[in-house]
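The file start_29.tsv comes next; it holds TSV, C-alpha atoms.
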```tsv
chain	number	residue	atom	x	y	z
R	234	MET	CA	14.79	1.02	15.81
R	235	PRO	CA	17.42	-0.53	13.53
R	236	GLU	CA	18.71	1.61	10.70
R	237	SER	CA	18.95	0.27	7.18
R	238	GLU	CA	22.37	0.24	5.56
R	239	SER	CA	20.69	0.47	2.18
R	240	GLU	CA	21.27	3.00	-0.59
R	241	PHE	CA	18.53	5.13	0.98
R	242	ALA	CA	19.61	4.73	4.60
R	243	THR	CA	16.87	5.12	7.17
R	244	ILE	CA	17.12	8.34	9.16
R	245	LEU	CA	14.89	8.92	12.12
R	246	PRO	CA	12.55	11.90	11.59
R	247	SER	CA	13.93	14.99	13.28
R	248	ALA	CA	12.06	17.70	15.14
R	249	ASP	CA	14.36	20.18	13.38
R	250	LEU	CA	12.88	19.37	9.96
R	251	PRO	CA	9.59	20.72	8.58
R	252	PRO	CA	6.66	18.39	9.38
R	253	GLY	CA	6.01	15.92	6.58
R	254	ARG	CA	9.32	16.61	4.84
R	255	TRP	CA	10.13	12.94	4.37
R	256	MET	CA	6.62	11.86	3.40
R	257	ARG	CA	6.49	14.59	0.76
R	258	GLU	CA	9.83	13.63	-0.79
R	259	GLU	CA	9.03	9.94	-0.72
R	260	LEU	CA	5.57	10.16	-2.26
R	261	GLN	CA	6.85	12.50	-4.98
R	262	SER	CA	9.61	10.03	-5.90
R	263	GLN	CA	7.17	7.23	-6.68
R	264	PRO	CA	7.04	7.34	-10.52
R	265	GLU	CA	10.83	7.18	-10.82
R	266	ILE	CA	11.12	4.48	-8.18
R	267	TRP	CA	8.36	2.43	-9.82
R	268	GLU	CA	10.24	2.41	-13.13
R	269	ARG	CA	13.31	1.06	-11.37
R	270	ALA	CA	11.33	-1.72	-9.68
R	271	ILE	CA	9.55	-2.67	-12.91
R	272	ALA	CA	12.89	-3.05	-14.67
R	273	GLN	CA	14.24	-5.09	-11.74
R	274	SER	CA	11.19	-7.36	-11.79
R	275	ARG	CA	11.63	-8.08	-15.48
R	276	GLY	CA	15.25	-9.06	-14.87
R	277	GLU	CA	14.69	-11.36	-11.88
R	278	ARG	CA	13.03	-14.75	-11.45
R	279	LEU	CA	12.64	-14.87	-7.69
R	280	LEU	CA	8.87	-15.23	-7.38
R	281	PRO	CA	6.92	-18.52	-7.45
R	282	PRO	CA	6.25	-19.86	-10.95
R	283	GLU	CA	2.96	-19.63	-12.78
R	284	GLY	CA	0.50	-22.22	-11.51
R	285	ALA	CA	1.99	-22.48	-8.02
R	286	ARG	CA	-0.40	-22.25	-5.08
R	287	VAL	CA	0.83	-19.18	-3.21
R	288	ALA	CA	0.14	-17.32	0.04
R	289	VAL	CA	1.10	-13.65	0.40
R	290	VAL	CA	1.49	-12.14	3.87
R	291	GLY	CA	2.16	-8.76	5.41
R	292	CYS	CA	1.22	-6.42	8.23
R	293	GLY	CA	-0.61	-3.10	7.92
R	294	THR	CA	0.05	-1.49	4.55
R	295	SER	CA	2.00	-4.56	3.42
R	296	TRP	CA	-1.05	-6.72	4.11
R	297	PHE	CA	-3.12	-4.53	1.80
R	298	MET	CA	-0.48	-4.84	-0.92
R	299	ALA	CA	-0.65	-8.61	-0.38
R	300	HIS	CA	-4.42	-8.43	-0.93
R	301	ALA	CA	-3.96	-6.47	-4.15
R	302	PHE	CA	-1.34	-8.83	-5.56
R	303	ALA	CA	-3.24	-11.97	-4.58
R	304	ALA	CA	-6.33	-10.79	-6.46
R	305	ALA	CA	-4.24	-9.66	-9.43
R	306	ARG	CA	-2.34	-12.96	-9.67
R	307	GLU	CA	-5.48	-15.07	-9.57
R	308	SER	CA	-7.34	-12.87	-12.07
R	309	SER	CA	-4.34	-13.13	-14.40
R	310	GLY	CA	-4.65	-16.91	-14.40
R	311	GLN	CA	-1.33	-17.43	-12.60
R	312	GLY	CA	-2.70	-19.75	-9.90
R	313	VAL	CA	-4.48	-19.84	-6.56
R	314	THR	CA	-3.22	-16.95	-4.44
R	315	ASP	CA	-4.43	-16.03	-0.95
R	316	ALA	CA	-3.53	-13.07	1.26
R	317	PHE	CA	-3.12	-13.21	5.04
R	318	ALA	CA	-2.23	-10.85	7.83
R	319	ALA	CA	1.01	-12.33	9.15
R	320	SER	CA	-0.47	-12.52	12.64
R	321	GLU	CA	-3.26	-14.78	11.31
R	322	ALA	CA	-1.09	-17.11	9.23
R	323	GLU	CA	0.02	-19.68	11.81
R	324	GLY	CA	-1.53	-22.58	9.89
R	325	LEU	CA	0.16	-21.91	6.55
R	326	PRO	CA	2.47	-24.97	6.63
R	327	GLY	CA	-0.56	-27.28	6.63
R	328	ARG	CA	-2.59	-25.59	3.92
R	329	GLY	CA	-0.82	-26.92	0.88
R	330	TYR	CA	0.83	-23.73	-0.33
R	331	GLU	CA	3.78	-24.27	-2.64
R	332	ALA	CA	5.37	-20.94	-1.70
R	333	VAL	CA	4.87	-17.99	0.64
R	334	ILE	CA	5.65	-14.39	-0.25
R	335	ALA	CA	6.19	-12.08	2.74
R	336	ILE	CA	6.28	-8.29	2.47
R	337	THR	CA	8.01	-6.03	5.00
R	338	ARG	CA	9.57	-2.60	4.66
R	339	SER	CA	11.60	-2.70	7.87
R	340	GLY	CA	12.67	-6.35	8.03
R	341	THR	CA	12.11	-6.27	11.79
R	342	THR	CA	8.32	-6.71	12.17
R	343	SER	CA	7.72	-9.35	14.82
R	344	GLU	CA	4.89	-11.23	13.11
R	345	ILE	CA	6.84	-11.54	9.85
R	346	LEU	CA	9.92	-12.81	11.67
R	347	ASP	CA	7.87	-15.35	13.59
R	348	LEU	CA	6.18	-16.64	10.45
R	349	LEU	CA	9.41	-16.95	8.48
R	350	ALA	CA	11.02	-18.80	11.38
R	351	THR	CA	8.04	-21.17	11.56
R	352	LEU	CA	8.27	-21.93	7.83
R	353	ARG	CA	11.99	-22.72	7.87
R	354	GLY	CA	12.58	-26.42	7.37
R	355	THR	CA	8.96	-27.18	6.43
R	356	GLY	CA	9.66	-27.53	2.71
R	357	THR	CA	7.62	-24.43	1.83
R	358	PRO	CA	9.87	-21.93	0.02
R	359	THR	CA	9.67	-18.33	1.20
R	360	VAL	CA	10.29	-15.16	-0.81
R	361	LEU	CA	10.73	-11.89	1.08
R	362	VAL	CA	10.03	-8.48	-0.48
R	363	LEU	CA	12.15	-6.15	1.62
R	364	GLY	CA	13.11	-2.51	1.97
R	365	ALA	CA	15.78	-2.49	4.69
R	366	VAL	CA	17.98	-5.30	3.45
R	367	ASP	CA	20.49	-5.71	6.30
R	368	THR	CA	17.84	-6.84	8.79
R	369	PRO	CA	16.77	-10.08	10.54
R	370	ALA	CA	14.03	-11.02	8.05
R	371	ALA	CA	16.52	-11.30	5.19
R	372	ARG	CA	18.36	-14.06	7.04
R	373	LEU	CA	15.21	-16.15	7.47
R	374	ALA	CA	13.89	-16.20	3.88
R	375	ASP	CA	14.90	-18.53	1.07
R	376	ALA	CA	14.98	-15.68	-1.48
R	377	VAL	CA	14.91	-11.90	-1.13
R	378	VAL	CA	13.49	-9.30	-3.50
R	379	ALA	CA	15.61	-6.35	-2.36
R	380	LEU	CA	14.11	-2.89	-2.85
R	381	PRO	CA	16.48	-0.71	-0.76
R	382	TYR	CA	15.95	2.27	-3.05
R	383	ALA	CA	12.26	2.23	-2.07
R	384	ASP	CA	12.93	2.26	1.68
R	385	GLU	CA	11.63	5.26	3.61
R	386	THR	CA	12.29	7.53	6.55
R	387	SER	CA	8.70	8.61	7.19
R	388	VAL	CA	6.73	6.33	9.47
R	389	VAL	CA	3.75	6.71	7.13
R	390	GLN	CA	4.48	4.39	4.24
R	391	THR	CA	3.98	5.45	0.62
R	392	ARG	CA	6.61	4.54	-1.96
R	393	PHE	CA	7.69	1.19	-0.52
R	394	ALA	CA	4.13	-0.12	-0.70
R	395	THR	CA	3.44	1.04	-4.24
R	396	THR	CA	6.92	0.04	-5.46
R	397	THR	CA	6.42	-3.45	-4.05
R	398	LEU	CA	3.11	-3.74	-5.86
R	399	CYS	CA	4.65	-2.48	-9.11
R	400	TYR	CA	7.37	-5.13	-8.83
R	401	LEU	CA	4.79	-7.84	-8.19
R	402	LEU	CA	2.38	-6.74	-10.92
R	403	ALA	CA	5.22	-6.44	-13.43
R	404	SER	CA	6.11	-10.06	-12.66
R	405	LEU	CA	2.65	-10.97	-13.99
R	406	GLY	CA	3.42	-9.25	-17.27
R	407	TRP	CA	1.28	-6.20	-16.54
R	408	ASP	CA	2.13	-3.03	-18.46
R	409	LEU	CA	2.39	-0.24	-15.87
R	410	SER	CA	3.54	2.54	-18.18
R	411	ARG	CA	0.16	4.28	-17.88
R	412	ALA	CA	0.36	4.14	-14.08
R	413	VAL	CA	3.81	5.77	-14.12
R	414	ALA	CA	2.78	8.49	-16.57
R	415	GLU	CA	-0.43	9.33	-14.73
R	416	ALA	CA	1.31	9.37	-11.36
R	417	ARG	CA	3.63	12.04	-12.73
R	418	GLU	CA	0.60	14.04	-13.85
R	419	VAL	CA	-1.09	13.69	-10.45
R	420	LEU	CA	1.94	15.16	-8.70
R	421	THR	CA	1.57	18.40	-10.70
R	422	GLU	CA	-2.12	18.89	-9.94
R	423	SER	CA	-3.68	20.89	-7.13
R	424	THR	CA	-6.09	19.33	-4.64
R	425	PRO	CA	-9.73	20.51	-4.84
R	426	ALA	CA	-10.91	22.46	-1.82
R	427	ALA	CA	-13.83	20.04	-1.36
R	428	LEU	CA	-11.37	17.21	-0.67
R	429	LEU	CA	-9.32	19.30	1.73
R	430	GLU	CA	-12.44	20.31	3.67
R	431	ALA	CA	-14.42	17.04	3.68
R	432	GLU	CA	-15.26	15.55	7.08
R	433	GLN	CA	-15.19	11.85	6.14
R	434	PHE	CA	-13.92	9.52	3.39
R	435	THR	CA	-14.98	6.06	2.24
R	436	PHE	CA	-12.80	4.28	-0.34
R	437	LEU	CA	-14.08	1.57	-2.66
R	438	GLY	CA	-12.38	-0.94	-4.95
R	439	ARG	CA	-13.12	-3.96	-7.09
R	440	GLY	CA	-10.89	-6.99	-7.62
R	441	TRP	CA	-7.24	-6.13	-7.03
R	442	THR	CA	-8.08	-2.52	-6.13
R	443	VAL	CA	-9.97	-3.53	-2.96
R	444	GLY	CA	-6.52	-3.72	-1.36
R	445	LEU	CA	-5.76	-0.22	-2.63
R	446	ALA	CA	-9.00	1.08	-1.13
R	447	HIS	CA	-8.01	-0.28	2.27
R	448	GLU	CA	-4.54	1.24	1.89
R	449	ALA	CA	-6.05	4.63	0.96
R	450	ALA	CA	-8.21	4.60	4.08
R	451	LEU	CA	-5.27	3.59	6.25
R	452	LYS	CA	-3.13	6.46	4.92
R	453	LEU	CA	-5.62	9.09	6.03
R	454	ARG	CA	-6.02	7.41	9.41
R	455	GLU	CA	-2.27	7.23	10.01
R	456	ALA	CA	-1.25	10.62	8.66
R	457	ALA	CA	-4.22	12.81	9.58
R	458	GLN	CA	-6.14	10.84	12.26
R	459	GLU	CA	-9.18	10.76	9.96
R	460	TRP	CA	-12.43	8.80	10.12
R	461	THR	CA	-12.16	6.62	7.01
R	462	GLU	CA	-13.68	3.39	5.77
R	463	ALA	CA	-13.01	0.99	2.87
R	464	TYR	CA	-15.11	-1.68	1.15
R	465	PRO	CA	-15.52	-3.66	-2.05
R	466	ALA	CA	-17.57	-1.39	-4.29
R	467	MET	CA	-20.47	-3.79	-4.71
R	468	GLU	CA	-20.76	-4.16	-0.92
R	469	TYR	CA	-21.07	-0.44	-0.32
R	470	ARG	CA	-24.83	-0.33	-0.86
R	471	HIS	CA	-25.28	-3.21	1.60
R	472	GLY	CA	-25.08	-0.90	4.60
R	473	PRO	CA	-22.05	1.43	4.46
R	474	ILE	CA	-23.80	3.90	2.14
R	475	ALA	CA	-25.78	4.89	5.25
R	476	VAL	CA	-22.91	7.23	6.23
R	477	ALA	CA	-22.96	9.10	2.88
R	478	ALA	CA	-24.00	12.70	3.47
R	479	PRO	CA	-23.12	16.27	2.52
R	480	GLY	CA	-19.52	17.08	3.39
R	481	ARG	CA	-18.42	13.45	2.97
R	482	VAL	CA	-16.62	11.71	0.10
R	483	THR	CA	-17.05	8.29	-1.49
R	484	TRP	CA	-13.94	7.60	-3.58
R	485	LEU	CA	-13.91	4.80	-6.16
R	486	LEU	CA	-10.64	3.20	-7.32
R	487	ALA	CA	-12.17	0.95	-9.97
R	488	PRO	CA	-14.71	0.97	-12.82
R	489	GLU	CA	-18.06	2.21	-11.55
R	490	PRO	CA	-20.82	-0.34	-10.88
R	491	PRO	CA	-24.00	0.84	-12.62
R	492	GLY	CA	-25.91	3.40	-10.57
R	493	LEU	CA	-23.41	3.70	-7.73
R	494	GLY	CA	-22.46	7.30	-8.45
R	495	SER	CA	-26.05	8.47	-8.66
R	496	ASP	CA	-26.86	6.71	-5.38
R	497	VAL	CA	-23.97	8.45	-3.63
R	498	ARG	CA	-24.89	11.86	-5.04
R	499	SER	CA	-28.52	11.34	-4.05
R	500	ALA	CA	-27.32	10.93	-0.47
R	501	GLY	CA	-25.56	14.31	-0.75
R	502	ALA	CA	-21.98	13.01	-0.70
R	503	ARG	CA	-19.25	13.81	-3.21
R	504	PHE	CA	-18.56	10.91	-5.59
R	505	GLU	CA	-14.91	10.85	-6.63
R	506	ALA	CA	-14.35	8.51	-9.57
R	507	VAL	CA	-11.58	9.61	-11.92
R	508	PRO	CA	-10.79	7.43	-14.99
R	509	ARG	CA	-7.15	7.13	-14.00
R	510	HIS	CA	-4.90	4.16	-13.25
R	511	PRO	CA	-5.65	3.08	-9.65
R	512	LEU	CA	-1.99	3.25	-8.62
R	513	ALA	CA	-1.77	6.85	-9.83
R	514	GLU	CA	-4.99	7.65	-7.98
R	515	LEU	CA	-3.46	6.17	-4.83
R	516	VAL	CA	-0.57	8.63	-5.17
R	517	ARG	CA	-3.17	11.39	-5.28
R	518	ILE	CA	-4.64	10.07	-2.04
R	519	HIS	CA	-1.18	9.89	-0.47
R	520	ARG	CA	-0.74	13.57	-1.21
R	521	LEU	CA	-4.18	14.38	0.17
R	522	ALA	CA	-3.25	12.55	3.39
R	523	LEU	CA	-0.12	14.67	3.66
R	524	GLU	CA	-1.97	17.93	3.03
R	525	ARG	CA	-4.77	17.17	5.48
R	526	SER	CA	-2.23	16.11	8.09
R	527	LEU	CA	-0.29	19.36	7.80
R	528	ALA	CA	-3.51	21.39	7.84
R	529	ARG	CA	-4.30	19.84	11.24
R	530	GLY	CA	-0.88	20.68	12.63
R	531	LEU	CA	0.29	17.06	12.57
R	532	ASN	CA	3.55	15.50	11.43
R	533	PRO	CA	2.99	12.37	9.30
R	534	ASP	CA	6.68	11.51	9.57
R	535	SER	CA	6.07	10.81	13.28
R	536	PRO	CA	2.34	9.99	13.65
R	537	ARG	CA	0.65	9.42	16.98
R	538	ASN	CA	0.96	5.93	18.49
R	539	LEU	CA	2.93	4.56	15.51
R	540	ALA	CA	6.50	3.48	14.79
R	541	ARG	CA	8.27	2.46	11.62
R	542	SER	CA	8.23	-1.18	12.69
R	543	VAL	CA	6.09	-3.07	15.19
R	544	ILE	CA	8.47	-5.05	17.39
R	545	LEU	CA	6.56	-6.97	20.06
R	546	ALA	CA	7.96	-7.84	23.46
R	547	GLU	CA	8.61	-11.55	23.93
```
What would you get if you wrote out this structure as structure tokens?
Amino acid sequence: MPESESEFATILPSADLPPGRWMREELQSQPEIWERAIAQSRGERLLPPEGARVAVVGCGTSWFMAHAFAAARESSGQGVTDAFAASEAEGLPGRGYEAVIAITRSGTTSEILDLLATLRGTGTPTVLVLGAVDTPAARLADAVVALPYADETSVVQTRFATTTLCYLLASLGWDLSRAVAEAREVLTESTPAALLEAEQFTFLGRGWTVGLAHEAALKLREAAQEWTEAYPAMEYRHGPIAVAAPGRVTWLLAPEPPGLGSDVRSAGARFEAVPRHPLAELVRIHRLALERSLARGLNPDSPRNLARSVILAE
């Protein structure tokens, strides 16, 4: 796996270190790192202009951040914005997009490299949001949003994803000061025993936070090998609520649709819906994923079946 020559150079997790050491340090650094990315976003003009028809692509966590930004950009009146998994974006050159934004922490993910190579010479500008800057993806994009200070050592991604989203949301003119302040508060709180002991989690979002709900579910799957699900909040009662039961948690990352909480509680599940900025609440879920992973004797820095970058054989 290539190492980044960035300010926060990538170091392979070591068996000599305590399990979860890197994930803990990286998730705790998020408020400070977000502030740096927000300032950078305000000082750069690398993203497509307002009104441009834009596609945003990524893989795994980066795909969910693409979902979140696409919904946020459209709802802010900035123009048509669609999100794609990079592996499902082969037809982008023929769909009339005026720019493509690609997100990758490692800069070596096969599907991102293939897509960027396909787009070269087509007349569709590409902007890459990147953690490990001295990597192949940087040489294929027309412009690079470099976030080397958000790069990570842990395989389980936390701060690069949220920092990327902060950069992108700040470019829309969003004020994220509340998110930063509340993330700092979250990192000082203890986790309720009911969340540490629950057997199953379902995460819900609305609008731009649907992407965050999917990211929350993925974090618990990756770090702690959990059974988790994620849905748009208004879709939850169209079937998925069937799994709500005592010992299970339904966690909302958006304003509550009328009656949803009472329906979940009637089924016996815990309804978690804190009036906190969704990005700060995601940090809380990151920490829960770490704690549940360690409680099961796992190491989220080196999770089962996963690597920092998916590099496919040709």
Discussion item. Which residues are near Ala449 of chain R? Cut-off 8 Å, all atoms listed in the file, ignore same chain within fewer than 6 positions. Put them as an MDAnalysis selection string.
Written reply: chainID R and resid 436 515 518:519
Worksheet item: Nearest to Arg275 of chain R: which of R:Ala319, R:Trp407, R:Thr342, R:Tyr330 is it, counting only C-alpha atoms?
Response: R:Trp407
Worksheet item: Quick one: distance from atom CA of Gly444 of chain R to atom CA of Arg353 of chain R in Å, one decimal?
Response: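 Atom CA of Gly444 of chain R sits 28.1 Å away from atom CA of Arg353 of chain R.
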Fill in: Two-atom distance - atom CA of Glu344 of chain R, atom CA of Arg454 of chain R (Å)
21.9 Å
Practice prompt. Could you tell me which of R:Asp534, R:Glu448, R:Glu524, R:Glu514 comes closest to Glu418 of chain R if we count all atoms listed in the file?
Written response: R:Glu514
Worksheet entry | Exercise: His300 of chain R partners within 8 Å, all atoms listed in the file, chain neighbours under 6 positions left out, as a PyMOL selection string | chain R and resi 289+315-317+441+443-444
Worksheet item: Looking at R:Arg470, R:Arg525, R:Arg411, R:Arg278, which one is nearest to Pro490 of chain R, with distances taken over all atoms listed in the file?
Response: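 Ranked by minimum distance to Pro490 of chain R, first place goes to R:Arg470.
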Set up a box along x, y and z of the file covering all listed atoms of segment 447-453 of chain R, add 3 Å on every one of the six sides, and write the centre and edge lengths in Å to one decimal, as JSON.
```
{"center_x": -5.7, "center_y": 4.4, "center_z": 3.6, "size_x": 11.1, "size_y": 15.4, "size_z": 11.3}
```
Worksheet item: What is the distance between atom CA of Val388 of chain R and atom CA of Pro264 of chain R, in Å to one decimal?
Response: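 Here the two named atoms are 20.0 Å from each other.
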Discussion item. So that I can see what lies close to Pro282 of chain R, please list as a list of chain:residue names the residues with an atom at most 10 Å from it, counting all atoms listed in the file and leaving out residues fewer than 5 positions away in the same chain.
Written reply: R:Val287, R:Gln311, R:Gly312, R:Glu331, R:Ala332, R:Ser404
Go ahead and write the selection's residues with C-alpha atoms as a PDB file, keeping the file's coordinate frame.
```
ATOM      1  CA  VAL R 287       0.830 -19.180  -3.210  1.00  0.00           C
ATOM      2  CA  GLN R 311      -1.330 -17.430 -12.600  1.00  0.00           C
ATOM      3  CA  GLY R 312      -2.700 -19.750  -9.900  1.00  0.00           C
ATOM      4  CA  GLU R 331       3.780 -24.270  -2.640  1.00  0.00           C
ATOM      5  CA  ALA R 332       5.370 -20.940  -1.700  1.00  0.00           C
ATOM      6  CA  SER R 404       6.110 -10.060 -12.660  1.00  0.00           C
TER       7      SER R 404
END
```
